[in-house]
>>> print(open('final_2.cif').read())   # mmCIF, C-alpha atoms and all ligand atoms
data_target
#
loop_
_atom_site.group_PDB
_atom_site.id
_atom_site.type_symbol
_atom_site.label_atom_id
_atom_site.label_comp_id
_atom_site.auth_asym_id
_atom_site.auth_seq_id
_atom_site.Cartn_x
_atom_site.Cartn_y
_atom_site.Cartn_z
ATOM 1 C CA MET Y 1 -18.275 7.630 14.147
ATOM 2 C CA THR Y 2 -15.490 5.699 12.460
ATOM 3 C CA ILE Y 3 -15.274 6.142 8.717
ATOM 4 C CA ASP Y 4 -13.173 4.438 6.025
ATOM 5 C CA LEU Y 5 -13.643 6.063 2.607
ATOM 6 C CA HIS Y 6 -11.649 3.739 0.340
ATOM 7 C CA ALA Y 7 -12.145 -0.024 0.070
ATOM 8 C CA HIS Y 8 -12.151 -2.601 -2.734
ATOM 9 C CA SER Y 9 -14.132 -5.772 -3.337
ATOM 10 C CA THR Y 10 -14.001 -8.662 -5.793
ATOM 11 C CA ALA Y 11 -15.749 -6.312 -8.239
ATOM 12 C CA SER Y 12 -12.222 -5.010 -8.888
ATOM 13 C CA ASP Y 13 -8.978 -6.273 -7.358
ATOM 14 C CA GLY Y 14 -10.086 -6.925 -3.774
ATOM 15 C CA THR Y 15 -10.659 -10.415 -2.389
ATOM 16 C CA THR Y 16 -13.771 -9.650 -0.317
ATOM 17 C CA PRO Y 17 -17.150 -10.148 -2.022
ATOM 18 C CA PRO Y 18 -19.053 -6.841 -1.923
ATOM 19 C CA ALA Y 19 -21.908 -8.426 0.047
ATOM 20 C CA GLU Y 20 -19.441 -9.273 2.826
ATOM 21 C CA LEU Y 21 -17.903 -5.826 3.094
ATOM 22 C CA PRO Y 22 -20.533 -4.296 5.446
ATOM 23 C CA ARG Y 23 -20.237 -7.193 7.922
ATOM 24 C CA LEU Y 24 -16.453 -6.925 7.853
ATOM 25 C CA ALA Y 25 -16.691 -3.164 8.321
ATOM 26 C CA ALA Y 26 -19.004 -3.557 11.324
ATOM 27 C CA ARG Y 27 -16.587 -6.057 12.849
ATOM 28 C CA ALA Y 28 -13.758 -3.531 12.336
ATOM 29 C CA GLY Y 29 -15.786 -1.000 14.331
ATOM 30 C CA LEU Y 30 -16.677 1.197 11.357
ATOM 31 C CA THR Y 31 -19.906 3.166 11.089
ATOM 32 C CA ALA Y 32 -19.442 4.038 7.392
ATOM 33 C CA VAL Y 33 -17.415 2.519 4.567
ATOM 34 C CA ALA Y 34 -17.117 3.650 0.953
ATOM 35 C CA LEU Y 35 -16.896 0.921 -1.660
ATOM 36 C CA THR Y 36 -14.483 2.356 -4.213
ATOM 37 C CA ASP Y 37 -13.678 -0.351 -6.740
ATOM 38 C CA HIS Y 38 -11.452 0.503 -9.692
ATOM 39 C CA ASP Y 39 -13.481 2.029 -12.533
ATOM 40 C CA THR Y 40 -16.685 0.134 -11.731
ATOM 41 C CA PHE Y 41 -19.896 0.253 -9.693
ATOM 42 C CA ALA Y 42 -20.448 -3.490 -10.172
ATOM 43 C CA GLY Y 43 -20.220 -4.325 -6.454
ATOM 44 C CA LEU Y 44 -22.365 -1.500 -5.121
ATOM 45 C CA ALA Y 45 -25.804 -3.072 -5.285
ATOM 46 C CA ALA Y 46 -24.672 -6.150 -3.353
ATOM 47 C CA ALA Y 47 -22.783 -4.084 -0.768
ATOM 48 C CA THR Y 48 -25.664 -1.676 -0.243
ATOM 49 C CA ALA Y 49 -28.200 -4.493 0.036
ATOM 50 C CA ALA Y 50 -26.081 -6.127 2.749
ATOM 51 C CA ALA Y 51 -25.601 -2.904 4.730
ATOM 52 C CA ALA Y 52 -27.128 -3.198 8.183
ATOM 53 C CA ASP Y 53 -25.173 -1.527 10.986
ATOM 54 C CA VAL Y 54 -22.794 0.218 8.614
ATOM 55 C CA GLU Y 55 -23.544 2.929 6.076
ATOM 56 C CA VAL Y 56 -22.194 2.020 2.623
ATOM 57 C CA ILE Y 57 -21.104 5.102 0.663
ATOM 58 C CA THR Y 58 -21.366 4.952 -3.106
ATOM 59 C CA GLY Y 59 -17.894 5.375 -4.529
ATOM 60 C CA VAL Y 60 -15.510 4.595 -7.343
ATOM 61 C CA GLU Y 61 -11.739 4.911 -7.827
ATOM 62 C CA ILE Y 62 -11.140 6.355 -11.293
ATOM 63 C CA SER Y 63 -7.853 5.800 -13.161
ATOM 64 C CA CYS Y 64 -6.829 9.040 -14.842
ATOM 65 C CA ARG Y 65 -3.799 11.019 -15.990
ATOM 66 C CA LEU Y 66 -2.182 14.023 -14.425
ATOM 67 C CA ASP Y 67 0.485 15.303 -16.795
ATOM 68 C CA ASP Y 68 2.488 12.153 -17.516
ATOM 69 C CA ALA Y 69 1.556 10.109 -14.470
ATOM 70 C CA GLU Y 70 -1.393 7.896 -13.631
ATOM 71 C CA VAL Y 71 -3.337 9.101 -10.622
ATOM 72 C CA HIS Y 72 -6.403 7.707 -8.889
ATOM 73 C CA LEU Y 73 -9.395 9.859 -8.133
ATOM 74 C CA LEU Y 74 -12.049 8.836 -5.624
ATOM 75 C CA GLY Y 75 -15.570 9.826 -6.578
ATOM 76 C CA LEU Y 76 -17.683 9.657 -3.416
ATOM 77 C CA PHE Y 77 -21.475 9.990 -3.060
ATOM 78 C CA VAL Y 78 -21.760 9.756 -6.852
ATOM 79 C CA ASP Y 79 -24.898 8.609 -8.639
ATOM 80 C CA PRO Y 80 -23.924 5.235 -10.168
ATOM 81 C CA GLY Y 81 -26.682 5.699 -12.723
ATOM 82 C CA HIS Y 82 -25.156 8.868 -14.159
ATOM 83 C CA GLU Y 83 -24.827 8.086 -17.868
ATOM 84 C CA ALA Y 84 -21.698 10.026 -18.782
ATOM 85 C CA LEU Y 85 -19.793 8.691 -15.775
ATOM 86 C CA ALA Y 86 -20.931 5.116 -16.419
ATOM 87 C CA ALA Y 87 -19.932 5.419 -20.084
ATOM 88 C CA GLU Y 88 -16.495 6.769 -19.195
ATOM 89 C CA LEU Y 89 -15.876 3.963 -16.692
ATOM 90 C CA GLU Y 90 -16.880 1.412 -19.323
ATOM 91 C CA LEU Y 91 -14.420 2.986 -21.735
ATOM 92 C CA ILE Y 92 -11.627 2.860 -19.150
ATOM 93 C CA ARG Y 93 -12.390 -0.792 -18.328
ATOM 94 C CA THR Y 94 -12.542 -1.960 -21.918
ATOM 95 C CA ASP Y 95 -9.804 0.240 -23.366
ATOM 96 C CA ARG Y 96 -6.976 -2.257 -23.116
ATOM 97 C CA ASP Y 97 -8.877 -4.919 -25.007
ATOM 98 C CA ARG Y 98 -10.397 -2.454 -27.496
ATOM 99 C CA ARG Y 99 -6.919 -1.151 -28.194
ATOM 100 C CA GLY Y 100 -5.583 -4.684 -28.685
ATOM 101 C CA VAL Y 101 -8.345 -5.516 -31.159
ATOM 102 C CA ARG Y 102 -7.635 -2.348 -33.146
ATOM 103 C CA MET Y 103 -3.922 -3.129 -33.215
ATOM 104 C CA VAL Y 104 -4.569 -6.626 -34.565
ATOM 105 C CA GLU Y 105 -6.723 -5.039 -37.298
ATOM 106 C CA ARG Y 106 -3.944 -2.586 -38.117
ATOM 107 C CA CYS Y 107 -1.365 -5.402 -38.333
ATOM 108 C CA ARG Y 108 -3.650 -7.305 -40.724
ATOM 109 C CA GLU Y 109 -4.154 -4.180 -42.846
ATOM 110 C CA LEU Y 110 -0.367 -3.906 -43.005
ATOM 111 C CA GLY Y 111 -0.117 -7.452 -44.354
ATOM 112 C CA ALA Y 112 0.656 -9.528 -41.267
ATOM 113 C CA SER Y 113 -1.012 -12.935 -41.469
ATOM 114 C CA ILE Y 114 -2.348 -13.050 -37.948
ATOM 115 C CA THR Y 115 -5.956 -13.357 -36.745
ATOM 116 C CA LEU Y 116 -7.880 -11.986 -33.804
ATOM 117 C CA ALA Y 117 -8.883 -15.521 -32.769
ATOM 118 C CA GLN Y 118 -5.232 -16.532 -32.702
ATOM 119 C CA VAL Y 119 -4.249 -13.553 -30.520
ATOM 120 C CA ARG Y 120 -7.207 -14.250 -28.205
ATOM 121 C CA THR Y 121 -5.969 -17.823 -27.798
ATOM 122 C CA ILE Y 122 -2.496 -16.551 -26.946
ATOM 123 C CA ALA Y 123 -3.981 -14.116 -24.395
ATOM 124 C CA GLY Y 124 -5.867 -16.975 -22.728
ATOM 125 C CA GLY Y 125 -8.882 -14.897 -21.723
ATOM 126 C CA ALA Y 126 -6.935 -11.825 -20.564
ATOM 127 C CA PRO Y 127 -7.501 -8.419 -22.221
ATOM 128 C CA LEU Y 128 -5.368 -8.273 -25.356
ATOM 129 C CA GLY Y 129 -1.952 -6.763 -24.817
ATOM 130 C CA ARG Y 130 1.004 -6.015 -27.001
ATOM 131 C CA PRO Y 131 2.992 -9.100 -25.901
ATOM 132 C CA HIS Y 132 0.149 -11.309 -27.183
ATOM 133 C CA ILE Y 133 0.159 -9.536 -30.532
ATOM 134 C CA ALA Y 134 3.945 -9.733 -30.703
ATOM 135 C CA ALA Y 135 3.753 -13.495 -30.123
ATOM 136 C CA ALA Y 136 1.289 -13.878 -32.993
ATOM 137 C CA LEU Y 137 3.469 -11.705 -35.236
ATOM 138 C CA ALA Y 138 6.506 -13.818 -34.351
ATOM 139 C CA ALA Y 139 4.583 -16.960 -35.309
ATOM 140 C CA ALA Y 140 3.909 -15.265 -38.660
ATOM 141 C CA GLY Y 141 7.632 -14.685 -39.115
ATOM 142 C CA ILE Y 142 7.634 -11.041 -38.051
ATOM 143 C CA THR Y 143 10.280 -10.749 -35.373
ATOM 144 C CA ASP Y 144 10.557 -6.950 -35.203
ATOM 145 C CA ALA Y 145 7.131 -6.415 -33.592
ATOM 146 C CA PHE Y 146 8.359 -3.819 -31.121
ATOM 147 C CA THR Y 147 9.657 -1.401 -33.769
ATOM 148 C CA PRO Y 148 8.011 1.607 -35.467
ATOM 149 C CA ASP Y 149 7.177 -0.719 -38.368
ATOM 150 C CA TRP Y 150 4.701 -2.505 -36.130
ATOM 151 C CA ILE Y 151 3.491 -2.023 -32.555
ATOM 152 C CA ALA Y 152 6.133 0.116 -30.812
ATOM 153 C CA ASP Y 153 4.793 3.378 -29.329
ATOM 154 C CA GLY Y 154 3.830 5.535 -32.295
ATOM 155 C CA GLY Y 155 4.425 2.625 -34.688
ATOM 156 C CA ARG Y 156 2.376 1.970 -37.813
ATOM 157 C CA ALA Y 157 0.110 -0.487 -35.989
ATOM 158 C CA ASP Y 158 0.089 1.270 -32.631
ATOM 159 C CA VAL Y 159 -3.235 2.579 -31.320
ATOM 160 C CA PRO Y 160 -3.175 5.283 -28.629
ATOM 161 C CA LYS Y 161 -4.472 4.513 -25.149
ATOM 162 C CA HIS Y 162 -7.673 6.109 -23.975
ATOM 163 C CA VAL Y 163 -6.714 8.883 -21.559
ATOM 164 C CA LEU Y 164 -9.003 10.590 -19.066
ATOM 165 C CA ALA Y 165 -7.446 13.760 -17.689
ATOM 166 C CA ALA Y 166 -7.714 14.198 -13.921
ATOM 167 C CA VAL Y 167 -9.485 17.555 -14.325
ATOM 168 C CA ASP Y 168 -12.089 15.883 -16.571
ATOM 169 C CA ALA Y 169 -12.526 13.065 -14.045
ATOM 170 C CA ILE Y 170 -13.181 15.678 -11.350
ATOM 171 C CA ALA Y 171 -15.769 17.375 -13.570
ATOM 172 C CA LEU Y 172 -17.484 14.029 -14.230
ATOM 173 C CA VAL Y 173 -17.631 13.150 -10.537
ATOM 174 C CA ARG Y 174 -19.185 16.517 -9.784
ATOM 175 C CA ALA Y 175 -21.643 16.216 -12.656
ATOM 176 C CA ALA Y 176 -22.662 12.850 -11.191
ATOM 177 C CA GLY Y 177 -23.531 14.545 -7.903
ATOM 178 C CA GLY Y 178 -20.378 13.431 -6.128
ATOM 179 C CA VAL Y 179 -17.344 14.861 -4.481
ATOM 180 C CA ALA Y 180 -13.777 14.281 -5.713
ATOM 181 C CA VAL Y 181 -10.904 13.222 -3.458
ATOM 182 C CA LEU Y 182 -7.410 12.483 -4.753
ATOM 183 C CA ALA Y 183 -6.318 9.023 -3.596
ATOM 184 C CA HIS Y 184 -2.802 8.399 -2.207
ATOM 185 C CA PRO Y 185 -1.181 11.456 -3.915
ATOM 186 C CA ARG Y 186 2.267 10.555 -2.540
ATOM 187 C CA SER Y 187 2.143 6.800 -2.140
ATOM 188 C CA VAL Y 188 5.699 5.555 -1.660
ATOM 189 C CA LYS Y 189 4.755 2.175 -3.089
ATOM 190 C CA ARG Y 190 3.317 3.698 -6.270
ATOM 191 C CA ARG Y 191 6.190 6.219 -6.460
ATOM 192 C CA ALA Y 192 3.476 8.854 -6.755
ATOM 193 C CA SER Y 193 4.473 12.443 -6.155
ATOM 194 C CA VAL Y 194 1.711 14.846 -7.056
ATOM 195 C CA SER Y 195 3.315 18.255 -6.520
ATOM 196 C CA ASP Y 196 1.907 21.179 -4.556
ATOM 197 C CA THR Y 197 1.409 23.035 -7.844
ATOM 198 C CA GLN Y 198 -0.489 20.128 -9.361
ATOM 199 C CA LEU Y 199 -2.650 19.900 -6.248
ATOM 200 C CA ALA Y 200 -3.453 23.614 -6.569
ATOM 201 C CA ALA Y 201 -4.512 23.090 -10.192
ATOM 202 C CA LEU Y 202 -6.755 20.179 -9.202
ATOM 203 C CA ARG Y 203 -8.260 22.285 -6.411
ATOM 204 C CA ASP Y 204 -9.051 24.957 -9.018
ATOM 205 C CA ALA Y 205 -10.703 22.227 -11.124
ATOM 206 C CA GLY Y 206 -13.032 21.325 -8.264
ATOM 207 C CA LEU Y 207 -11.110 18.792 -6.174
ATOM 208 C CA ALA Y 208 -12.574 18.745 -2.657
ATOM 209 C CA GLY Y 209 -9.982 16.784 -0.745
ATOM 210 C CA LEU Y 210 -6.947 14.561 -0.690
ATOM 211 C CA GLU Y 211 -6.086 11.332 1.062
ATOM 212 C CA ALA Y 212 -3.373 12.065 3.621
ATOM 213 C CA ASP Y 213 -3.709 9.116 5.983
ATOM 214 C CA HIS Y 214 -3.060 6.143 3.718
ATOM 215 C CA PRO Y 215 -1.038 3.015 4.573
ATOM 216 C CA GLU Y 216 1.380 3.677 1.685
ATOM 217 C CA GLN Y 217 2.235 7.202 2.897
ATOM 218 C CA PRO Y 218 4.735 7.520 5.770
ATOM 219 C CA LEU Y 219 3.834 9.762 8.708
ATOM 220 C CA GLN Y 220 6.003 12.702 7.598
ATOM 221 C CA VAL Y 221 4.413 12.569 4.125
ATOM 222 C CA ARG Y 222 0.964 12.637 5.724
ATOM 223 C CA ASP Y 223 1.925 15.666 7.828
ATOM 224 C CA ARG Y 224 3.250 17.479 4.769
ATOM 225 C CA LEU Y 225 0.051 16.691 2.843
ATOM 226 C CA ARG Y 226 -2.008 18.046 5.739
ATOM 227 C CA GLU Y 227 -0.053 21.313 5.519
ATOM 228 C CA VAL Y 228 -0.536 21.601 1.751
ATOM 229 C CA ALA Y 229 -4.223 20.791 2.105
ATOM 230 C CA ALA Y 230 -4.623 23.493 4.740
ATOM 231 C CA ASP Y 231 -2.881 26.017 2.473
ATOM 232 C CA LEU Y 232 -5.095 25.083 -0.472
ATOM 233 C CA GLY Y 233 -8.338 24.790 1.464
ATOM 234 C CA LEU Y 234 -8.669 21.087 0.681
ATOM 235 C CA LEU Y 235 -10.235 18.551 3.030
ATOM 236 C CA VAL Y 236 -8.050 15.741 4.333
ATOM 237 C CA THR Y 237 -9.286 12.166 4.395
ATOM 238 C CA GLY Y 238 -7.908 8.940 5.772
ATOM 239 C CA SER Y 239 -8.661 5.460 4.497
ATOM 240 C CA SER Y 240 -7.282 1.956 4.381
ATOM 241 C CA ASP Y 241 -7.506 1.244 0.632
ATOM 242 C CA PHE Y 242 -8.523 -2.238 1.802
ATOM 243 C CA HIS Y 243 -7.949 -5.020 -0.749
ATOM 244 C CA GLY Y 244 -8.865 -8.067 1.352
ATOM 245 C CA ASP Y 245 -6.074 -10.644 1.428
ATOM 246 C CA ARG Y 246 -4.222 -9.017 -1.442
ATOM 247 C CA LYS Y 247 -2.563 -6.394 0.759
ATOM 248 C CA PRO Y 248 -1.601 -6.559 4.429
ATOM 249 C CA VAL Y 249 -3.925 -3.694 5.318
ATOM 250 C CA ARG Y 250 -6.836 -3.889 7.758
ATOM 251 C CA LEU Y 251 -10.185 -2.336 6.955
ATOM 252 C CA GLY Y 252 -10.338 0.845 9.038
ATOM 253 C CA GLU Y 253 -6.539 1.005 9.429
ATOM 254 C CA CYS Y 254 -6.730 4.702 8.534
ATOM 255 C CA THR Y 255 -9.950 6.655 8.971
ATOM 256 C CA THR Y 256 -11.593 9.984 8.117
ATOM 257 C CA ALA Y 257 -12.681 12.470 10.788
ATOM 258 C CA PRO Y 258 -16.477 12.738 11.213
ATOM 259 C CA GLU Y 259 -16.440 16.506 10.512
ATOM 260 C CA VAL Y 260 -14.576 15.927 7.233
ATOM 261 C CA PHE Y 261 -17.064 13.212 6.323
ATOM 262 C CA SER Y 262 -19.935 15.661 6.943
ATOM 263 C CA ALA Y 263 -18.213 18.364 4.905
ATOM 264 C CA LEU Y 264 -17.711 15.952 1.998
ATOM 265 C CA ARG Y 265 -21.325 14.851 2.137
ATOM 266 C CA GLN Y 266 -22.399 18.477 2.168
ATOM 267 C CA ALA Y 267 -20.094 19.329 -0.768
ATOM 268 C CA ALA Y 268 -21.700 16.453 -2.661
ATOM 269 C CA GLY Y 269 -25.097 17.998 -2.155
ATOM 270 C CA GLY Y 270 -26.114 16.398 1.106
ATOM 271 C CA HIS Y 271 -27.362 13.059 -0.187
HETATM 272 ZN ZN ZN A 1 -5.403 3.618 -6.004
HETATM 273 ZN ZN ZN A 2 -7.731 1.825 -4.070
#
>>> encode(input="final_2.cif", output="structure tokens")
Amino acid sequence: MTIDLHAHSTASDGTTPPAELPRLAARAGLTAVALTDHDTFAGLAAATAAAADVEVITGVEISCRLDDAEVHLLGLFVDPGHEALAAELELIRTDRDRRGVRMVERCRELGASITLAQVRTIAGGAPLGRPHIAAALAAAGITDAFTPDWIADGGRADVPKHVLAAVDAIALVRAAGGVAVLAHPRSVKRRASVSDTQLAALRDAGLAGLEADHPEQPLQVRDRLREVAADLGLLVTGSSDFHGDRKPVRLGECTTAPEVFSALRQAAGGH
């Protein structure tokens, strides 16, 4: 068995349509692949329907916070129909735009003569961000947009980001019948450095495993993570974090041992 537990499709920031993922996985010699798009299950139905020689594992990569850093949590074997999880993912996906809309409202309440339509035009179809609002404010003669008077962090028109704590993401994944694995905890590229202490806290919150073999983690980092995982009783996975043409990583470049795969499936309740 050859298993890759972390791959993206066009349903998030990959370049491979979900329906093509199983064929690609089979060609890469995989027997199982988890589709783990960012904060969405949108590609799962197409990927599952196209699965023939390869088992497609239901997954999602959830953006969440651990102390002051963003971390990514893989929810594997989850039920995509679980309401609370689906609602949370929707909130994560729409937060940037929702926040932008609220900030435009706040600016208007504070007397700025800008409109939502105008800011949408500036954004050109992208989720509303602060630079778009600042551009509209500038057009209205307000040149100190990024100050506490307006949209600086904690400013009068600032609206806090939606934050999902990693421990809550773990609880949601488990409630949805899945198993939680921390993705790339020490990715050099992401400058991620989840500490041993933080890993212990996540283990206590129900984390089942961590991704040690990941293209963005050098060999000595992977070895160190294996040691920590052994100390904490966490499973160790390997995966490519395939993004199609967006990253120079092959599907199946790193893989998960069959016995770990079985243990994860069992921890998820055997389905
Ligand atoms: Zn990630
Ligand atoms: Zn990923």
>>> closest_atom_pairs(input="final_2.cif", of="chain Y", to="ligand ZN 2 (chain A)", cutoff="12 Å", atoms="all atoms listed in the file", output="JSON lines")
{"residue": "Y:Asp4", "atom": "CA", "partner": "A:ZN2", "partner_atom": "ZN", "distance": 11.8}
{"residue": "Y:Leu5", "atom": "CA", "partner": "A:ZN2", "partner_atom": "ZN", "distance": 9.9}
{"residue": "Y:His6", "atom": "CA", "partner": "A:ZN2", "partner_atom": "ZN", "distance": 6.2}
{"residue": "Y:Ala7", "atom": "CA", "partner": "A:ZN2", "partner_atom": "ZN", "distance": 6.3}
{"residue": "Y:His8", "atom": "CA", "partner": "A:ZN2", "partner_atom": "ZN", "distance": 6.4}
{"residue": "Y:Ser9", "atom": "CA", "partner": "A:ZN2", "partner_atom": "ZN", "distance": 10.0}
{"residue": "Y:Ser12", "atom": "CA", "partner": "A:ZN2", "partner_atom": "ZN", "distance": 9.5}
{"residue": "Y:Asp13", "atom": "CA", "partner": "A:ZN2", "partner_atom": "ZN", "distance": 8.8}
{"residue": "Y:Gly14", "atom": "CA", "partner": "A:ZN2", "partner_atom": "ZN", "distance": 9.1}
{"residue": "Y:Ala34", "atom": "CA", "partner": "A:ZN2", "partner_atom": "ZN", "distance": 10.8}
{"residue": "Y:Leu35", "atom": "CA", "partner": "A:ZN2", "partner_atom": "ZN", "distance": 9.5}
{"residue": "Y:Thr36", "atom": "CA", "partner": "A:ZN2", "partner_atom": "ZN", "distance": 6.8}
{"residue": "Y:Asp37", "atom": "CA", "partner": "A:ZN2", "partner_atom": "ZN", "distance": 6.9}
{"residue": "Y:His38", "atom": "CA", "partner": "A:ZN2", "partner_atom": "ZN", "distance": 6.9}
{"residue": "Y:Asp39", "atom": "CA", "partner": "A:ZN2", "partner_atom": "ZN", "distance": 10.2}
{"residue": "Y:Thr40", "atom": "CA", "partner": "A:ZN2", "partner_atom": "ZN", "distance": 11.9}
{"residue": "Y:Gly59", "atom": "CA", "partner": "A:ZN2", "partner_atom": "ZN", "distance": 10.8}
{"residue": "Y:Val60", "atom": "CA", "partner": "A:ZN2", "partner_atom": "ZN", "distance": 8.9}
{"residue": "Y:Glu61", "atom": "CA", "partner": "A:ZN2", "partner_atom": "ZN", "distance": 6.3}
{"residue": "Y:Ile62", "atom": "CA", "partner": "A:ZN2", "partner_atom": "ZN", "distance": 9.2}
{"residue": "Y:Ser63", "atom": "CA", "partner": "A:ZN2", "partner_atom": "ZN", "distance": 9.9}
{"residue": "Y:Val71", "atom": "CA", "partner": "A:ZN2", "partner_atom": "ZN", "distance": 10.7}
{"residue": "Y:His72", "atom": "CA", "partner": "A:ZN2", "partner_atom": "ZN", "distance": 7.7}
{"residue": "Y:Leu73", "atom": "CA", "partner": "A:ZN2", "partner_atom": "ZN", "distance": 9.2}
{"residue": "Y:Leu74", "atom": "CA", "partner": "A:ZN2", "partner_atom": "ZN", "distance": 8.4}
{"residue": "Y:Gly75", "atom": "CA", "partner": "A:ZN2", "partner_atom": "ZN", "distance": 11.5}
{"residue": "Y:Val181", "atom": "CA", "partner": "A:ZN2", "partner_atom": "ZN", "distance": 11.8}
{"residue": "Y:Leu182", "atom": "CA", "partner": "A:ZN2", "partner_atom": "ZN", "distance": 10.7}
{"residue": "Y:Ala183", "atom": "CA", "partner": "A:ZN2", "partner_atom": "ZN", "distance": 7.4}
{"residue": "Y:His184", "atom": "CA", "partner": "A:ZN2", "partner_atom": "ZN", "distance": 8.4}
{"residue": "Y:Pro185", "atom": "CA", "partner": "A:ZN2", "partner_atom": "ZN", "distance": 11.6}
{"residue": "Y:Ser187", "atom": "CA", "partner": "A:ZN2", "partner_atom": "ZN", "distance": 11.2}
{"residue": "Y:Arg190", "atom": "CA", "partner": "A:ZN2", "partner_atom": "ZN", "distance": 11.4}
{"residue": "Y:Glu211", "atom": "CA", "partner": "A:ZN2", "partner_atom": "ZN", "distance": 10.9}
{"residue": "Y:His214", "atom": "CA", "partner": "A:ZN2", "partner_atom": "ZN", "distance": 10.1}
{"residue": "Y:Pro215", "atom": "CA", "partner": "A:ZN2", "partner_atom": "ZN", "distance": 11.0}
{"residue": "Y:Glu216", "atom": "CA", "partner": "A:ZN2", "partner_atom": "ZN", "distance": 10.9}
{"residue": "Y:Ser239", "atom": "CA", "partner": "A:ZN2", "partner_atom": "ZN", "distance": 9.4}
{"residue": "Y:Ser240", "atom": "CA", "partner": "A:ZN2", "partner_atom": "ZN", "distance": 8.5}
{"residue": "Y:Asp241", "atom": "CA", "partner": "A:ZN2", "partner_atom": "ZN", "distance": 4.7}
{"residue": "Y:Phe242", "atom": "CA", "partner": "A:ZN2", "partner_atom": "ZN", "distance": 7.2}
{"residue": "Y:His243", "atom": "CA", "partner": "A:ZN2", "partner_atom": "ZN", "distance": 7.6}
{"residue": "Y:Gly244", "atom": "CA", "partner": "A:ZN2", "partner_atom": "ZN", "distance": 11.3}
{"residue": "Y:Arg246", "atom": "CA", "partner": "A:ZN2", "partner_atom": "ZN", "distance": 11.7}
{"residue": "Y:Lys247", "atom": "CA", "partner": "A:ZN2", "partner_atom": "ZN", "distance": 10.8}
{"residue": "Y:Val249", "atom": "CA", "partner": "A:ZN2", "partner_atom": "ZN", "distance": 11.5}
>>> closest_residue(input="final_2.cif", among="Y:Cys254, Y:Ala123, Y:Ala145, Y:Ala200", to="Val228 of chain Y", atoms="all atoms listed in the file")
Y:Ala200
>>> residues_around(input="final_2.cif", residues="Ala19 of chain Y", least_positions_apart="5", cutoff="6 Å", atoms="all atoms listed in the file", output="PyMOL selection string")
chain Y and resi 46-47+50
>>> residues_near_point(input="final_2.cif", point="(-14.8, -0.8, -18.3)", cutoff="12 Å", atoms="only C-alpha atoms", output="PyMOL selection string")
chain Y and resi 11-12+37-42+62-63+85-98+127+162
>>> resolve_selection(input="final_2.cif", expression="the PyMOL selection byres (((chain Y and resi 104) around 8) and not hetatm)", output="mmCIF file with C-alpha atoms, in the frame of the given file")
data_model
loop_
_atom_site.group_PDB
_atom_site.id
_atom_site.type_symbol
_atom_site.label_atom_id
_atom_site.label_comp_id
_atom_site.auth_asym_id
_atom_site.auth_seq_id
_atom_site.Cartn_x
_atom_site.Cartn_y
_atom_site.Cartn_z
ATOM 1 C CA GLY Y 100 -5.583 -4.684 -28.685
ATOM 2 C CA VAL Y 101 -8.345 -5.516 -31.159
ATOM 3 C CA ARG Y 102 -7.635 -2.348 -33.146
ATOM 4 C CA MET Y 103 -3.922 -3.129 -33.215
ATOM 5 C CA GLU Y 105 -6.723 -5.039 -37.298
ATOM 6 C CA ARG Y 106 -3.944 -2.586 -38.117
ATOM 7 C CA CYS Y 107 -1.365 -5.402 -38.333
ATOM 8 C CA ARG Y 108 -3.650 -7.305 -40.724
ATOM 9 C CA ILE Y 114 -2.348 -13.050 -37.948
ATOM 10 C CA THR Y 115 -5.956 -13.357 -36.745
ATOM 11 C CA LEU Y 116 -7.880 -11.986 -33.804
ATOM 12 C CA ILE Y 133 0.159 -9.536 -30.532
ATOM 13 C CA ALA Y 157 0.110 -0.487 -35.989
#
>>> atom_distance(input="final_2.cif", atom1="atom CA of Leu21 of chain Y", atom2="atom CA of Arg250 of chain Y")
12.2 Å
>>> resolve_selection(input="final_2.cif", expression="the PyMOL selection byres (((chain Y and resi 132) around 6) and not hetatm)", output="list in words")
Val119, Ile122, Ala123, Gly129, Arg130, Pro131, Ile133, Ala134 and Ala135 of chain Y
>>> residues_around(input="final_2.cif", residues="Arg222 of chain Y", least_positions_apart="4", cutoff="7 Å", atoms="all atoms listed in the file", output="list in words")
Ala212, Asp213, Gln217, Pro218 and Arg226 of chain Y
>>> residues_around(input="final_2.cif", residues="segment 28-31 of chain Y", least_positions_apart="2", cutoff="12 Å", atoms="all atoms listed in the file", output="PyMOL selection string")
chain Y and resi 1-5+21-26+33-34+51-57+239-240+242+250-258+261
>>> atom_distance(input="final_2.cif", atom1="atom CA of Val260 of chain Y", atom2="atom CA of Leu235 of chain Y")
6.6 Å
>>> residues_around(input="final_2.cif", residues="segment 264-270 of chain Y", least_positions_apart="6", cutoff="9 Å", atoms="only C-alpha atoms", output="JSON, numbers by chain")
{"Y": [76, 77, 78, 174, 177, 178, 179, 180, 208, 209, 235]}
>>> write_last_selection(input="final_2.cif", atoms="C-alpha atoms", output="PDB file, keeping the file's coordinate frame")
ATOM      1  CA  LEU Y  76     -17.683   9.657  -3.416  1.00  0.00           C
ATOM      2  CA  PHE Y  77     -21.475   9.990  -3.060  1.00  0.00           C
ATOM      3  CA  VAL Y  78     -21.760   9.756  -6.852  1.00  0.00           C
ATOM      4  CA  ARG Y 174     -19.185  16.517  -9.784  1.00  0.00           C
ATOM      5  CA  GLY Y 177     -23.531  14.545  -7.903  1.00  0.00           C
ATOM      6  CA  GLY Y 178     -20.378  13.431  -6.128  1.00  0.00           C
ATOM      7  CA  VAL Y 179     -17.344  14.861  -4.481  1.00  0.00           C
ATOM      8  CA  ALA Y 180     -13.777  14.281  -5.713  1.00  0.00           C
ATOM      9  CA  ALA Y 208     -12.574  18.745  -2.657  1.00  0.00           C
ATOM     10  CA  GLY Y 209      -9.982  16.784  -0.745  1.00  0.00           C
ATOM     11  CA  LEU Y 235     -10.235  18.551   3.030  1.00  0.00           C
TER      12      LEU Y 235
END
>>> atom_distance(input="final_2.cif", atom1="atom CA of Thr48 of chain Y", atom2="atom CA of Leu207 of chain Y")
25.8 Å
